[in-house]
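Heads up: the structure comes next, in structure tokens.
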Amino acid sequence: MVLDQRWKLKVEKKHLQEEEKKEEKHLLFSLMKSKIICLSKNDEFKEILKGRKNSNKYFTIFFKKLTNKNNKKLNISFVAKKKLGNAVKRNKIKRKLRNITNEAVKKLSLKFDYSYLVIAKETILKNDYLDIKKIMFTEFNKIK
């Protein structure tokens, strides 16, 4: 009898540990999920280009409040012009910027009621990821 009770306690304890691990994985996955939505309509791009802008040597950020926007998600698009290089280089630039923005969403309190448009410049190809990240964080802090 005593062995049965001990066995039951061990099984329950193991089951609880497994449940906790599943919950931790679920929480990590939900934190990793992006809250970013890209702009899709031509009118949205034109509207944002009429708004305010911050510019530096790596990129230009246009931002404006859009009326028909979900405030729970970050509305941001990344643009790399064709003169920056072939499709591989342009996609690499956009991946870098998207990754930095994901980190900024987690670490900074960005304004979700704004819509953003980030246009990359040629200097972004030649410089280090950490430099770009530092400047992007300062630009997002200026927008606050």
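Starting from 1 in every chain, residues are counted up; chains themselves are A, B, ... following the order of the structure tokens, and ligands are numbered from 1 as listed.
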
Open item on the list: Considering only strand (DSSP E) as DSSP defines it on the backbone, what residues of chain A qualify? List them as JSON, numbers by chain.
Closed with: {"A": [36, 37, 52, 53, 54, 55, 59, 60, 61, 62, 63, 64, 65, 74, 75, 76, 77, 78, 79, 114, 115, 116, 117, 118, 119, 120]}

- [ ] Output as a ChimeraX atom specification all residues of stretch 8-112 of chain A that backbone DSSP marks as helix (DSSP H, G or I).
- [x] /A:8-32,42-49,82-84,87-107

Task: Proximity to A:Lys106 - best of A:Phe45, A:Phe137, A:Trp7, A:Phe63, only C-alpha atoms - done: A:Phe137

- [ ] Within 9 Å of A:Lys94, counting only C-alpha atoms, which residues show up once you throw out same-chain ones fewer than 3 positions away? Write them as a list of chain:residue names, please.
- [x] A:Phe78, A:Val79, A:Ala80, A:Lys89, A:Arg90, A:Asn91, A:Leu97, A:Arg98, A:Asn99, A:Ala120

- [ ] Show which residues sit within 9 Å of A:Leu49, as a PyMOL selection string. Count only C-alpha atoms, and ignore same-chain residues fewer than 4 positions away.
- [x] chain A and resi 44-45+53+62-64+117

Take the residues from that selection and write them out as a short mmCIF file (atom, residue, chain, number, x, y, z; two decimals), in the first residue's frame, keeping N, CA and C atoms.
data_model
loop_
_atom_site.label_atom_id
_atom_site.label_comp_id
_atom_site.auth_asym_id
_atom_site.auth_seq_id
_atom_site.Cartn_x
_atom_site.Cartn_y
_atom_site.Cartn_z
N GLU A 44 -2.50 53.30 -48.51
CA GLU A 44 -1.84 53.37 -47.20
C GLU A 44 -0.41 53.89 -47.36
N PHE A 45 0.31 53.39 -48.37
CA PHE A 45 1.67 53.87 -48.61
C PHE A 45 1.68 55.37 -48.92
N LYS A 53 8.67 62.24 -41.02
CA LYS A 53 9.75 61.30 -41.30
C LYS A 53 10.97 61.59 -40.45
N PHE A 62 9.15 56.76 -42.31
CA PHE A 62 7.96 57.59 -42.43
C PHE A 62 6.93 57.04 -41.45
N PHE A 63 6.21 57.91 -40.76
CA PHE A 63 5.20 57.43 -39.83
C PHE A 63 4.03 58.40 -39.76
N LYS A 64 2.86 57.82 -39.54
CA LYS A 64 1.64 58.62 -39.46
C LYS A 64 0.56 57.77 -38.82
N LEU A 117 6.74 53.16 -42.27
CA LEU A 117 7.31 52.73 -43.54
C LEU A 117 8.82 52.97 -43.45
#

- [ ] Considering only C-alpha atoms, state which residue in the set A:Asp4, A:Glu139, A:Glu18, A:Glu103 is at the smallest distance from A:Val118.
- [x] A:Glu139

Task: Test item: residues at most 12 Å from A:Lys57, only C-alpha atoms, excluding those fewer than 3 positions along its chain, as JSON, numbers by chain - done: {"A": [54, 60, 61, 119, 120, 121, 122, 123, 124, 125, 126, 127, 131, 132, 135, 136, 139]}

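Between atom CA of A:Lys69 and atom CA of A:Lys82 the interatomic distance comes to 28.9 Å.
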
Task: Two-atom distance - atom CA of A:Gly51, atom CA of A:Leu110 (Å) - done: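 So the answer is 17.2 Å.
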
Task: Nearest residue to A:Phe140 from the set A:Lys14, A:Asn86, A:Ser77, A:Ser55 (distances using only C-alpha atoms) - done: A:Ser55

Task: Neighbour list for A:Leu66 as a count of residues only, cut-off 10 Å, only C-alpha atoms, skip fewer than 5 positions in-chain - done: 10

Open item on the list: Quick check, in Å to one decimal: how far apart do atom CA of A:Ser109 and atom CA of A:Tyr58 lie?
Closed with: 22.1 Å
